[in-house]
Amino acid sequence: MTQSVVVQVGQCGNQIGCCFWDLALREHAAVNQKGIYDEAISSFFRNVDTRVVGDGGSISKGKICSLKARAVLIDMEEGVVNEILQGPLRDVFDMNQLITDISGSGNNWAVGHKVFGSLYQDQLLEKLRKSAEHCDCLQCFFIIHSMGGGTGSGLGTFLLKMLEDEFPEVYRFVTSIYPSCEDDVITSPYNSILAMKELNEHADCVLPIDNQSLFDIISKIDLMVNSGKLGTTVKPKSLVTSSSGALKKCHKKPFDAMNNIVANLLLNLTSSARFEGSLNMDLNEISMNLVPFPQLHYLVSSLTPLYTLADVNIPPRRLDQMFSDAFSKDHQLLQADPKHSLYLACALMVRGNVQISDLRRNIERLKPSLQFVSWNQEGWKTSLCSIPPVGHSHSLLALANNTCVKPTFMELKERFMRLYKKKAHLHHYLQVEGMEESCFTEAVSSLSALIQEYNQLDATKNVPVQDLPRLSIAVSLTLPCQCSGVISAHCNLHCLGSSDSSASASQLLFSLVTLLDIPIPHVLEQAVHFVACTRHFFFQVFQ
Amino acid sequence: MSIVTVQLGQCGNQIGFEVFDALLRDSHSFQGLCSKRENEAYQTSCKERFFSEEESGVPIARAVLVDMEPKVINQTLSKAAQSGRWKYGQHACFCQKQGSGNNWAYGYSVHGPRHEESIMNLIQKEVEKCDSFSGFFIIMSMAGGTGSGLGAFVTQNLQDQYPNSLKMNQIIWPYGTGEVIVQNYNSVLTLSHLYRSSDALLVHENDAVHKICAKLMNIKQISFSDINQVLAHQLGSVFQPTYSAESSFHYRRNPLEGFKDPALYTSWLEPVHAFNVWKTQRAFSKYEKSAVLVSNSQFLVKPLDMIVKKAWNMFASKAYIHQYTKCGIEEEDFLDSFTLLEQVIASYCNL
């Protein structure tokens, strides 16, 4: 089995990361009753004997001693990381996994990318190499960051290029929190677009998420739970949104709950790779199936169900509702409507007591209402993992490569242009060494090119699907053969469409064989091997 | 006459387990109308064909398990051991850490050459254990990366190394509405390569078996386990020892007469030669009477045509091709495969 390393960058990245590790521990604790360090848990955790000083403490088998997260925590301010290290998860991280600074990036991509990038380049490389060395078979880096700020956005994307150069065989999955319209950071459009260029070029797969969608989902859950409409069927505290180990934050926005959703997303994404099931899906299959062209690697995600059902035996109606929800606009983790846009590919990752027939029934049911690109009319990738998430009996993660990401990008571009036209705040960026206006123009072109690709695909949306002309083949079996003195050097057996030939093919075949003095098995191998024969044989004999 | 089974990928291993289980359960089950002596001969023959004996008396399946990631093999090994009635050989499996990612090119061009020696050695060991070896039974799916790509590679190797032995490939035809998005590419590449190196391709369509489960067996919530068990049941009844009839004209029941209708066959083949009846008094599994039909007919044209059509449409847009070219499978390889399969379709259509 393979391992993955989580790289959490910036305030947002680290807060989400923290939720993720808490959930991961709880999930593995629920599954791993005997406390044995197995391959599933090794995918995200190392087993360490803490009595051993230095690096030699890794234990590969046997009882769990002390689990250490395969993570690298990066922040240019100390606040968030310090809080993590004083919180309940402090023992899961070790000091060697951190890179911090005090001054922060000031919400400036250029500072994060250029200044801190070059300042911490060597340290970053060292920490990443160390974490890779601790892995038997490293498959994937999960980068968690936000796009709108300075560290997560700038330093986070600086890392991408470094990872691509240093570990070209390892996948780079990026979870990016995009700024919503009412984002309080004025320069977030600049930061996001500069970061997007890096994502376009150096990420294998990006899961764009925005705060507004997460907030809407939380509000909906609260409404449903508190309205009492669902009665006793729903547990009061949804496990998707709450956890005990998350950082306590007093904010107007319920960041804890929002971060938990993203943490759940990452867990569900990797569940089929970690746990057994009747149809496994590894991380490399995500990229293989969902990225038809290298540049179109943005996947919209949706997670259902969002509240915990008290009833363990789910009636099929509920199960079907789960599938329907996965495609509704309200459940997407991005402001996007996949149902009314064009699908390039779609993956359904199911956990828990769901069988192949449930999956198929729902695909058949939902297919007619979805539009798929002409060359991928049945583009579904499915997986079934037997282990459900903690506290749930089943769950569904849908990943869509869909043109519905376009509006988010277009809107981002518009906000960018509004600032850029006035050259607002530009000097903060340009005064950083290595930054020029060309960085901005290149970033915008990169985004425009991407939008254009989606436009082209959208243009094919309502065009009726036509099958392309296929190769037309004249069935002819050519037997190169040894010539005896009398007969040909080369025989062609052609098949005619006419039905008047009298000789049976097998008779002809045998006559041919005797004439040409070819050992029978060889001829039979050629002609009969296709397990098909033509009705008539006609052969030319050259003298 | 022993058969060595090679189980490849998640599908191959999951099915392989069910097949061995079905075979052994059948050999220990209700014997039907046959005599005790006949039953014993049946049991010995079955055991000899698929299992080897160990000192402890627990039969060991004559199988090699191959997968590029460990989860499924671990599960399969433990399920077999748990049954107590049979098990897999301790060193009969080959496993890696990272799967093939549904990428035929990765299975064929990367995993294949890299692990060729180890896998062929394992197979060799199994063959050497047989007193009289008759051939290989290779179980694989077409939709994924290991079963399909590595399966094609291994079959080719078997052709080179054991040219006189029979190789029969059990291939699982994926559901029409995908399990894997690139399944049509993987299927096209697999079939074209297998045509060149396999002796026979025994096809099972997931859609068809699914329908059997739903309509004939009335299973409400069908799982892959159900599907695999139906498959194993069918395969088991094909493989169990039978005797070929003295003469195929002596049928006692009329239903079989229907098979003698010349309209079913091509004009160049007389029903006598095309249709063979092999029967035995020994009942199969729990059934008092059972029959299984193995046929080579035009039934495959439609599904094959469908797969080629979809793969061609996708190929024309060049979608996903970069994933294959980075592992060494070029566009020409795709074109070769398409050409070969179009020929097959045309040949079957012209019957």
# chains A, B, ... in the order shown; residues from 1 in each chain; ligands from 1
call {"tool": "interface_residues", "arguments": {"of": "chain B", "to": "chain A", "cutoff": "8 Å", "atoms": "only C-alpha atoms", "output": "compact mmCIF listing (two decimals) with all heavy atoms, in the first residue's frame"}}
result
# COMPACT_ATOMS: atom_id res chain seq x y z
N GLN B 10 -7.78 -7.01 -9.12
CA GLN B 10 -8.82 -7.18 -8.11
C GLN B 10 -9.88 -8.16 -8.58
O GLN B 10 -10.26 -9.10 -7.89
CB GLN B 10 -9.47 -5.83 -7.78
CG GLN B 10 -10.70 -6.00 -6.89
CD GLN B 10 -11.18 -4.71 -6.27
OE1 GLN B 10 -10.98 -3.64 -6.81
NE2 GLN B 10 -11.81 -4.81 -5.11
N GLU B 69 -1.27 -4.14 -5.98
CA GLU B 69 -1.39 -3.56 -4.65
C GLU B 69 -1.98 -4.62 -3.72
O GLU B 69 -2.67 -5.54 -4.18
CB GLU B 69 -2.21 -2.26 -4.69
CG GLU B 69 -3.63 -2.37 -5.12
CD GLU B 69 -4.56 -2.34 -3.93
OE1 GLU B 69 -4.13 -1.93 -2.85
OE2 GLU B 69 -5.69 -2.77 -4.09
N PRO B 70 -1.67 -4.51 -2.45
CA PRO B 70 -1.85 -5.66 -1.56
C PRO B 70 -3.26 -5.95 -1.02
O PRO B 70 -3.53 -7.07 -0.61
CB PRO B 70 -0.92 -5.35 -0.39
CG PRO B 70 -0.79 -3.87 -0.38
CD PRO B 70 -0.97 -3.40 -1.77
N LYS B 71 -4.16 -4.98 -1.03
CA LYS B 71 -5.41 -5.19 -0.28
C LYS B 71 -6.19 -6.44 -0.69
O LYS B 71 -6.61 -7.24 0.15
CB LYS B 71 -6.34 -3.98 -0.43
CG LYS B 71 -5.87 -2.75 0.31
CD LYS B 71 -6.96 -1.71 0.46
CE LYS B 71 -7.53 -1.18 -0.83
NZ LYS B 71 -6.62 -0.25 -1.51
N VAL B 72 -6.40 -6.60 -2.00
CA VAL B 72 -7.26 -7.68 -2.45
C VAL B 72 -6.62 -9.05 -2.22
O VAL B 72 -7.28 -10.00 -1.78
CB VAL B 72 -7.61 -7.52 -3.94
CG1 VAL B 72 -8.54 -8.62 -4.39
CG2 VAL B 72 -8.24 -6.17 -4.17
N GLN B 96 2.65 -5.89 -5.29
CA GLN B 96 3.45 -4.68 -5.19
C GLN B 96 2.73 -3.70 -4.29
O GLN B 96 1.69 -4.02 -3.73
CB GLN B 96 3.65 -4.06 -6.59
CG GLN B 96 4.59 -4.82 -7.47
CD GLN B 96 5.99 -4.82 -6.90
OE1 GLN B 96 6.69 -3.83 -6.96
NE2 GLN B 96 6.40 -5.94 -6.36
N LYS B 97 3.23 -2.50 -4.21
CA LYS B 97 2.62 -1.55 -3.28
C LYS B 97 1.66 -0.60 -3.96
O LYS B 97 0.67 -0.18 -3.39
CB LYS B 97 3.70 -0.73 -2.58
CG LYS B 97 4.70 -1.61 -1.89
CD LYS B 97 5.45 -0.87 -0.82
CE LYS B 97 6.52 -1.75 -0.23
NZ LYS B 97 7.81 -1.66 -0.94
N GLN B 98 1.96 -0.25 -5.22
CA GLN B 98 1.14 0.74 -5.88
C GLN B 98 0.49 0.13 -7.10
O GLN B 98 1.14 -0.47 -7.93
CB GLN B 98 2.01 1.92 -6.30
CG GLN B 98 1.22 3.05 -6.92
CD GLN B 98 2.01 4.33 -7.00
OE1 GLN B 98 1.43 5.39 -7.00
NE2 GLN B 98 3.30 4.25 -7.09
N GLY B 99 -0.81 0.30 -7.22
CA GLY B 99 -1.56 -0.30 -8.31
C GLY B 99 -1.25 0.29 -9.67
O GLY B 99 -0.42 1.18 -9.81
N SER B 100 -1.99 -0.21 -10.68
CA SER B 100 -1.73 0.24 -12.05
C SER B 100 -2.56 1.44 -12.44
O SER B 100 -2.47 1.91 -13.57
CB SER B 100 -2.03 -0.89 -13.04
OG SER B 100 -1.32 -2.03 -12.70
N GLY B 101 -3.38 1.92 -11.53
CA GLY B 101 -4.13 3.14 -11.80
C GLY B 101 -5.06 3.07 -12.98
O GLY B 101 -5.28 4.08 -13.65
N ASN B 102 -5.66 1.90 -13.24
CA ASN B 102 -6.58 1.76 -14.38
C ASN B 102 -5.91 2.08 -15.70
O ASN B 102 -6.59 2.42 -16.67
CB ASN B 102 -7.79 2.70 -14.25
CG ASN B 102 -8.78 2.26 -13.19
OD1 ASN B 102 -9.63 3.02 -12.80
ND2 ASN B 102 -8.67 1.02 -12.74
N ASN B 103 -4.60 2.01 -15.72
CA ASN B 103 -3.87 2.38 -16.92
C ASN B 103 -3.29 1.15 -17.58
O ASN B 103 -2.35 0.55 -17.07
CB ASN B 103 -2.76 3.38 -16.54
CG ASN B 103 -2.14 4.04 -17.74
OD1 ASN B 103 -2.14 3.48 -18.84
ND2 ASN B 103 -1.61 5.23 -17.55
N GLY B 176 -21.76 -1.79 -19.38
CA GLY B 176 -21.81 -0.82 -20.46
C GLY B 176 -21.67 0.60 -19.95
O GLY B 176 -20.88 1.40 -20.47
N THR B 177 -22.44 0.95 -18.90
CA THR B 177 -22.25 2.28 -18.31
C THR B 177 -21.23 2.13 -17.22
O THR B 177 -21.50 1.67 -16.14
CB THR B 177 -23.55 2.82 -17.69
OG1 THR B 177 -24.17 1.78 -16.97
CG2 THR B 177 -24.46 3.33 -18.75
N GLY B 178 -20.11 2.59 -17.52
CA GLY B 178 -18.85 2.37 -16.90
C GLY B 178 -18.68 2.10 -15.43
O GLY B 178 -19.45 2.47 -14.56
N GLU B 179 -17.60 1.39 -15.24
CA GLU B 179 -17.05 1.27 -13.90
C GLU B 179 -15.79 2.10 -13.89
O GLU B 179 -15.34 2.60 -12.89
CB GLU B 179 -16.64 -0.18 -13.64
CG GLU B 179 -17.74 -1.16 -13.87
CD GLU B 179 -17.19 -2.55 -14.16
OE1 GLU B 179 -15.99 -2.76 -13.95
OE2 GLU B 179 -17.97 -3.39 -14.60
N VAL B 180 -15.20 2.15 -15.08
CA VAL B 180 -13.95 2.88 -15.26
C VAL B 180 -14.12 3.69 -16.53
O VAL B 180 -14.64 3.20 -17.51
CB VAL B 180 -12.78 1.89 -15.44
CG1 VAL B 180 -11.52 2.62 -15.84
CG2 VAL B 180 -12.54 1.11 -14.17
N ILE B 181 -13.71 4.94 -16.50
CA ILE B 181 -13.97 5.79 -17.66
C ILE B 181 -13.15 5.37 -18.87
O ILE B 181 -13.63 5.42 -20.00
CB ILE B 181 -13.72 7.25 -17.28
CG1 ILE B 181 -14.80 7.66 -16.29
CG2 ILE B 181 -13.72 8.14 -18.49
CD1 ILE B 181 -14.65 9.06 -15.76
N VAL B 182 -11.93 4.93 -18.64
CA VAL B 182 -11.10 4.55 -19.79
C VAL B 182 -11.22 3.07 -20.09
O VAL B 182 -10.36 2.49 -20.74
CB VAL B 182 -9.62 4.92 -19.54
CG1 VAL B 182 -9.43 6.41 -19.57
CG2 VAL B 182 -9.15 4.37 -18.21
N TYR B 195 -5.74 -11.61 -28.63
CA TYR B 195 -6.01 -12.35 -29.85
C TYR B 195 -4.77 -12.97 -30.42
O TYR B 195 -4.79 -14.02 -31.05
CB TYR B 195 -6.68 -11.44 -30.89
CG TYR B 195 -8.16 -11.65 -30.96
CD1 TYR B 195 -9.04 -10.83 -30.29
CD2 TYR B 195 -8.68 -12.73 -31.69
CE1 TYR B 195 -10.39 -11.06 -30.32
CE2 TYR B 195 -10.03 -12.95 -31.72
CZ TYR B 195 -10.89 -12.12 -31.04
OH TYR B 195 -12.23 -12.35 -31.06
N ASP B 199 -5.33 -18.85 -26.67
CA ASP B 199 -5.98 -19.88 -27.48
C ASP B 199 -7.48 -19.74 -27.46
O ASP B 199 -8.16 -20.07 -28.41
CB ASP B 199 -5.59 -21.28 -26.96
CG ASP B 199 -4.12 -21.52 -27.11
OD1 ASP B 199 -3.61 -21.29 -28.23
OD2 ASP B 199 -3.47 -21.91 -26.14
N GLN B 221 -30.46 -6.72 -3.45
CA GLN B 221 -29.32 -5.81 -3.44
C GLN B 221 -28.10 -6.61 -3.90
O GLN B 221 -27.48 -7.32 -3.12
CB GLN B 221 -29.10 -5.29 -2.01
CG GLN B 221 -28.39 -3.97 -1.95
CD GLN B 221 -27.98 -3.57 -0.54
OE1 GLN B 221 -27.93 -4.40 0.36
NE2 GLN B 221 -27.68 -2.31 -0.35
N ILE B 222 -27.80 -6.50 -5.17
CA ILE B 222 -26.78 -7.35 -5.76
C ILE B 222 -25.40 -6.78 -5.46
O ILE B 222 -25.13 -5.62 -5.71
CB ILE B 222 -26.96 -7.42 -7.29
CG1 ILE B 222 -28.36 -7.94 -7.60
CG2 ILE B 222 -25.91 -8.31 -7.92
CD1 ILE B 222 -28.72 -7.81 -9.05
N SER B 223 -24.56 -7.63 -4.93
CA SER B 223 -23.19 -7.20 -4.66
C SER B 223 -22.25 -7.91 -5.61
O SER B 223 -22.64 -8.88 -6.27
CB SER B 223 -22.81 -7.56 -3.23
OG SER B 223 -22.76 -8.96 -3.11
N PHE B 224 -21.02 -7.46 -5.66
CA PHE B 224 -20.04 -8.12 -6.52
C PHE B 224 -19.83 -9.56 -6.07
O PHE B 224 -19.53 -10.44 -6.86
CB PHE B 224 -18.70 -7.36 -6.52
CG PHE B 224 -18.63 -6.34 -7.62
CD1 PHE B 224 -18.42 -5.01 -7.32
CD2 PHE B 224 -18.80 -6.71 -8.94
CE1 PHE B 224 -18.38 -4.06 -8.33
CE2 PHE B 224 -18.75 -5.77 -9.95
CZ PHE B 224 -18.54 -4.45 -9.64
N SER B 225 -20.02 -9.79 -4.80
CA SER B 225 -19.89 -11.14 -4.28
C SER B 225 -20.91 -12.05 -4.94
O SER B 225 -20.61 -13.18 -5.36
CB SER B 225 -20.07 -11.10 -2.76
OG SER B 225 -19.87 -12.34 -2.22
N THR B 266 -22.84 -22.07 -39.22
CA THR B 266 -22.38 -21.62 -40.54
C THR B 266 -22.46 -22.77 -41.50
O THR B 266 -22.44 -23.93 -41.11
CB THR B 266 -20.92 -21.16 -40.47
OG1 THR B 266 -20.13 -22.28 -40.09
CG2 THR B 266 -20.76 -20.07 -39.46
N SER B 267 -22.53 -22.47 -42.74
CA SER B 267 -22.76 -23.53 -43.71
C SER B 267 -21.57 -24.46 -43.86
O SER B 267 -21.69 -25.56 -44.33
CB SER B 267 -23.11 -22.93 -45.07
OG SER B 267 -21.97 -22.24 -45.54
N TRP B 268 -20.42 -24.00 -43.43
CA TRP B 268 -19.26 -24.83 -43.68
C TRP B 268 -18.98 -25.77 -42.52
O TRP B 268 -17.98 -26.45 -42.50
CB TRP B 268 -18.03 -23.98 -43.98
CG TRP B 268 -17.83 -22.86 -43.03
CD1 TRP B 268 -18.28 -21.59 -43.18
CD2 TRP B 268 -17.14 -22.89 -41.79
NE1 TRP B 268 -17.90 -20.82 -42.13
CE2 TRP B 268 -17.21 -21.59 -41.24
CE3 TRP B 268 -16.46 -23.88 -41.08
CZ2 TRP B 268 -16.62 -21.27 -40.03
CZ3 TRP B 268 -15.88 -23.55 -39.86
CH2 TRP B 268 -15.98 -22.24 -39.35
N ASN B 296 -19.31 -20.63 -29.35
CA ASN B 296 -18.56 -19.65 -30.10
C ASN B 296 -19.49 -19.18 -31.19
O ASN B 296 -19.78 -19.89 -32.14
CB ASN B 296 -17.32 -20.32 -30.69
CG ASN B 296 -16.51 -19.36 -31.52
OD1 ASN B 296 -16.85 -18.18 -31.65
ND2 ASN B 296 -15.42 -19.84 -32.06
N LYS B 309 -16.73 1.17 -30.86
CA LYS B 309 -17.31 2.46 -31.25
C LYS B 309 -17.01 3.53 -30.22
O LYS B 309 -16.57 4.63 -30.54
CB LYS B 309 -18.83 2.29 -31.41
CG LYS B 309 -19.55 3.58 -31.80
CD LYS B 309 -21.01 3.34 -32.02
CE LYS B 309 -21.76 3.39 -30.71
NZ LYS B 309 -23.20 3.58 -30.90
N LYS B 310 -17.24 3.20 -28.96
CA LYS B 310 -17.01 4.20 -27.91
C LYS B 310 -15.54 4.56 -27.79
O LYS B 310 -15.18 5.72 -27.62
CB LYS B 310 -17.50 3.66 -26.56
CG LYS B 310 -19.00 3.57 -26.46
CD LYS B 310 -19.41 3.26 -25.05
CE LYS B 310 -20.77 2.63 -25.02
NZ LYS B 310 -21.08 2.00 -23.74
N TRP B 312 -13.37 4.41 -30.12
CA TRP B 312 -12.98 5.17 -31.31
C TRP B 312 -13.38 6.64 -31.17
O TRP B 312 -12.62 7.55 -31.50
CB TRP B 312 -13.63 4.54 -32.54
CG TRP B 312 -13.24 5.13 -33.85
CD1 TRP B 312 -14.04 5.82 -34.70
CD2 TRP B 312 -11.95 5.09 -34.48
NE1 TRP B 312 -13.34 6.21 -35.81
CE2 TRP B 312 -12.06 5.77 -35.70
CE3 TRP B 312 -10.73 4.52 -34.12
CZ2 TRP B 312 -10.98 5.91 -36.57
CZ3 TRP B 312 -9.65 4.68 -34.99
CH2 TRP B 312 -9.79 5.36 -36.20
N ASN B 313 -14.61 6.86 -30.68
CA ASN B 313 -15.07 8.23 -30.49
C ASN B 313 -14.17 8.98 -29.52
O ASN B 313 -13.83 10.14 -29.73
CB ASN B 313 -16.50 8.25 -29.93
CG ASN B 313 -17.52 8.05 -31.03
OD1 ASN B 313 -17.22 8.24 -32.19
ND2 ASN B 313 -18.72 7.67 -30.66
N MET B 314 -13.78 8.29 -28.47
CA MET B 314 -12.92 8.93 -27.48
C MET B 314 -11.53 9.17 -28.07
O MET B 314 -10.91 10.21 -27.86
CB MET B 314 -12.82 8.06 -26.24
CG MET B 314 -12.38 8.81 -25.03
SD MET B 314 -12.16 7.76 -23.61
CE MET B 314 -13.71 7.95 -22.81
N SER B 317 -11.03 12.25 -30.19
CA SER B 317 -10.86 13.51 -29.48
C SER B 317 -9.55 13.56 -28.72
O SER B 317 -9.24 14.55 -28.07
CB SER B 317 -12.02 13.72 -28.51
OG SER B 317 -11.85 12.83 -27.43
N ALA B 319 -8.80 12.25 -26.04
CA ALA B 319 -8.94 12.33 -24.59
C ALA B 319 -8.18 11.20 -23.91
O ALA B 319 -8.25 10.06 -24.34
CB ALA B 319 -10.41 12.26 -24.21
N TYR B 320 -7.52 11.50 -22.82
CA TYR B 320 -6.78 10.55 -21.98
C TYR B 320 -5.57 9.92 -22.64
O TYR B 320 -4.86 9.14 -22.01
CB TYR B 320 -7.69 9.40 -21.50
CG TYR B 320 -8.88 9.85 -20.70
CD1 TYR B 320 -10.14 9.90 -21.27
CD2 TYR B 320 -8.74 10.24 -19.38
CE1 TYR B 320 -11.23 10.34 -20.54
CE2 TYR B 320 -9.83 10.67 -18.64
CZ TYR B 320 -11.07 10.71 -19.24
OH TYR B 320 -12.15 11.14 -18.52
N ILE B 321 -5.31 10.24 -23.90
CA ILE B 321 -4.19 9.59 -24.59
C ILE B 321 -2.87 9.91 -23.91
O ILE B 321 -1.97 9.08 -23.84
CB ILE B 321 -4.17 9.99 -26.08
CG1 ILE B 321 -5.46 9.56 -26.75
CG2 ILE B 321 -2.98 9.39 -26.80
CD1 ILE B 321 -5.64 8.07 -26.83
N HIS B 322 -2.77 11.13 -23.32
CA HIS B 322 -1.49 11.49 -22.70
C HIS B 322 -1.13 10.54 -21.56
O HIS B 322 0.04 10.30 -21.28
CB HIS B 322 -1.52 12.94 -22.22
CG HIS B 322 -2.44 13.20 -21.05
ND1 HIS B 322 -3.81 13.27 -21.18
CD2 HIS B 322 -2.19 13.38 -19.74
CE1 HIS B 322 -4.35 13.49 -20.00
NE2 HIS B 322 -3.39 13.57 -19.10
N GLN B 323 -2.17 9.97 -20.94
CA GLN B 323 -1.89 9.05 -19.83
C GLN B 323 -1.22 7.76 -20.35
O GLN B 323 -0.47 7.11 -19.63
CB GLN B 323 -3.20 8.65 -19.12
CG GLN B 323 -4.08 9.83 -18.74
CD GLN B 323 -3.79 10.33 -17.36
OE1 GLN B 323 -2.75 10.02 -16.79
NE2 GLN B 323 -4.69 11.12 -16.80
N PHE B 338 -7.23 -1.08 -32.98
CA PHE B 338 -8.52 -0.83 -33.62
C PHE B 338 -8.65 -1.64 -34.90
O PHE B 338 -9.69 -2.25 -35.17
CB PHE B 338 -8.70 0.66 -33.93
CG PHE B 338 -9.15 1.47 -32.74
CD1 PHE B 338 -8.32 2.44 -32.21
CD2 PHE B 338 -10.39 1.26 -32.18
CE1 PHE B 338 -8.73 3.19 -31.12
CE2 PHE B 338 -10.81 2.01 -31.08
CZ PHE B 338 -9.98 2.97 -30.55
N THR B 339 -7.57 -1.63 -35.69
CA THR B 339 -7.61 -2.35 -36.97
C THR B 339 -7.91 -3.82 -36.75
O THR B 339 -8.78 -4.41 -37.38
CB THR B 339 -6.25 -2.22 -37.70
OG1 THR B 339 -5.85 -0.88 -37.65
CG2 THR B 339 -6.36 -2.69 -39.13
N GLU B 342 -11.52 -4.37 -35.70
CA GLU B 342 -12.47 -4.19 -36.80
C GLU B 342 -12.48 -5.42 -37.69
O GLU B 342 -13.50 -5.85 -38.20
CB GLU B 342 -12.12 -2.94 -37.62
CG GLU B 342 -12.24 -1.63 -36.87
CD GLU B 342 -13.68 -1.16 -36.70
OE1 GLU B 342 -14.60 -1.92 -37.03
OE2 GLU B 342 -13.88 -0.03 -36.23
N GLN B 343 -11.29 -6.00 -37.88
CA GLN B 343 -11.20 -7.22 -38.69
C GLN B 343 -12.01 -8.35 -38.06
O GLN B 343 -12.73 -9.08 -38.74
CB GLN B 343 -9.74 -7.67 -38.81
CG GLN B 343 -9.00 -7.01 -39.91
CD GLN B 343 -7.55 -7.47 -39.97
OE1 GLN B 343 -6.98 -7.89 -38.99
NE2 GLN B 343 -6.97 -7.37 -41.15
N VAL B 344 -11.86 -8.45 -36.73
CA VAL B 344 -12.60 -9.51 -36.04
C VAL B 344 -14.10 -9.33 -36.20
O VAL B 344 -14.84 -10.27 -36.49
CB VAL B 344 -12.22 -9.53 -34.54
CG1 VAL B 344 -13.09 -10.47 -33.76
CG2 VAL B 344 -10.76 -9.91 -34.38
N ALA B 346 -15.67 -7.70 -38.51
CA ALA B 346 -16.07 -7.97 -39.89
C ALA B 346 -16.13 -9.47 -40.15
O ALA B 346 -17.05 -9.97 -40.79
CB ALA B 346 -15.09 -7.29 -40.84
N SER B 347 -15.14 -10.18 -39.64
CA SER B 347 -15.13 -11.63 -39.85
C SER B 347 -16.36 -12.29 -39.26
O SER B 347 -17.00 -13.12 -39.88
CB SER B 347 -13.90 -12.27 -39.21
OG SER B 347 -12.73 -11.68 -39.66
N TYR B 348 -16.68 -11.91 -38.03
CA TYR B 348 -17.86 -12.49 -37.41
C TYR B 348 -19.13 -12.10 -38.14
O TYR B 348 -20.06 -12.89 -38.29
CB TYR B 348 -17.96 -12.05 -35.94
CG TYR B 348 -17.35 -13.02 -34.95
CD1 TYR B 348 -16.12 -12.78 -34.37
CD2 TYR B 348 -18.03 -14.18 -34.59
CE1 TYR B 348 -15.57 -13.66 -33.47
CE2 TYR B 348 -17.49 -15.07 -33.69
CZ TYR B 348 -16.26 -14.81 -33.12
OH TYR B 348 -15.72 -15.68 -32.22
N ASN B 350 -19.48 -11.56 -41.21
CA ASN B 350 -19.60 -12.21 -42.50
C ASN B 350 -19.97 -13.67 -42.42
O ASN B 350 -20.12 -14.34 -43.43
CB ASN B 350 -18.28 -12.07 -43.26
CG ASN B 350 -18.15 -10.68 -43.85
OD1 ASN B 350 -19.12 -10.12 -44.31
ND2 ASN B 350 -16.95 -10.13 -43.80
N LEU B 351 -20.11 -14.16 -41.21
CA LEU B 351 -20.47 -15.57 -41.08
C LEU B 351 -21.85 -15.83 -41.62
O LEU B 351 -22.76 -15.06 -41.39
CB LEU B 351 -20.43 -15.97 -39.60
CG LEU B 351 -19.05 -16.20 -38.99
CD1 LEU B 351 -19.18 -16.42 -37.50
CD2 LEU B 351 -18.41 -17.42 -39.64
call {"tool": "select_by_dssp", "arguments": {"residues": "segment 12-60 of chain B", "states": "helix (DSSP H, G or I)", "output": "ChimeraX atom specification"}}
result
/B:12-27,36-50
call {"tool": "closest_residue", "arguments": {"among": "B:Cys130, B:Cys11, B:Val64, B:Val4", "to": "Met168 of chain B", "atoms": "only C-alpha atoms"}}
result
B:Val4
call {"tool": "residues_around", "arguments": {"residues": "segment 209-218 of chain B", "least_positions_apart": "2", "cutoff": "9 Å", "atoms": "only C-alpha atoms", "output": "MDAnalysis selection string"}}
result
(chainID A and resid 357) or (chainID B and resid 204:207 220:222 226:228 230:231)
call {"tool": "select_by_dssp", "arguments": {"residues": "segment 358-450 of chain A", "states": "strand (DSSP E or B)", "output": "PyMOL selection string"}}
result
chain A and resi 371-372+380-385+394-402
call {"tool": "atom_distance", "arguments": {"atom1": "atom CA of Leu194 of chain A", "atom2": "atom CA of Phe409 of chain A"}}
result
12.5 Å
call {"tool": "atom_distance", "arguments": {"atom1": "atom CA of Leu397 of chain A", "atom2": "atom CA of His331 of chain A"}}
result
10.5 Å
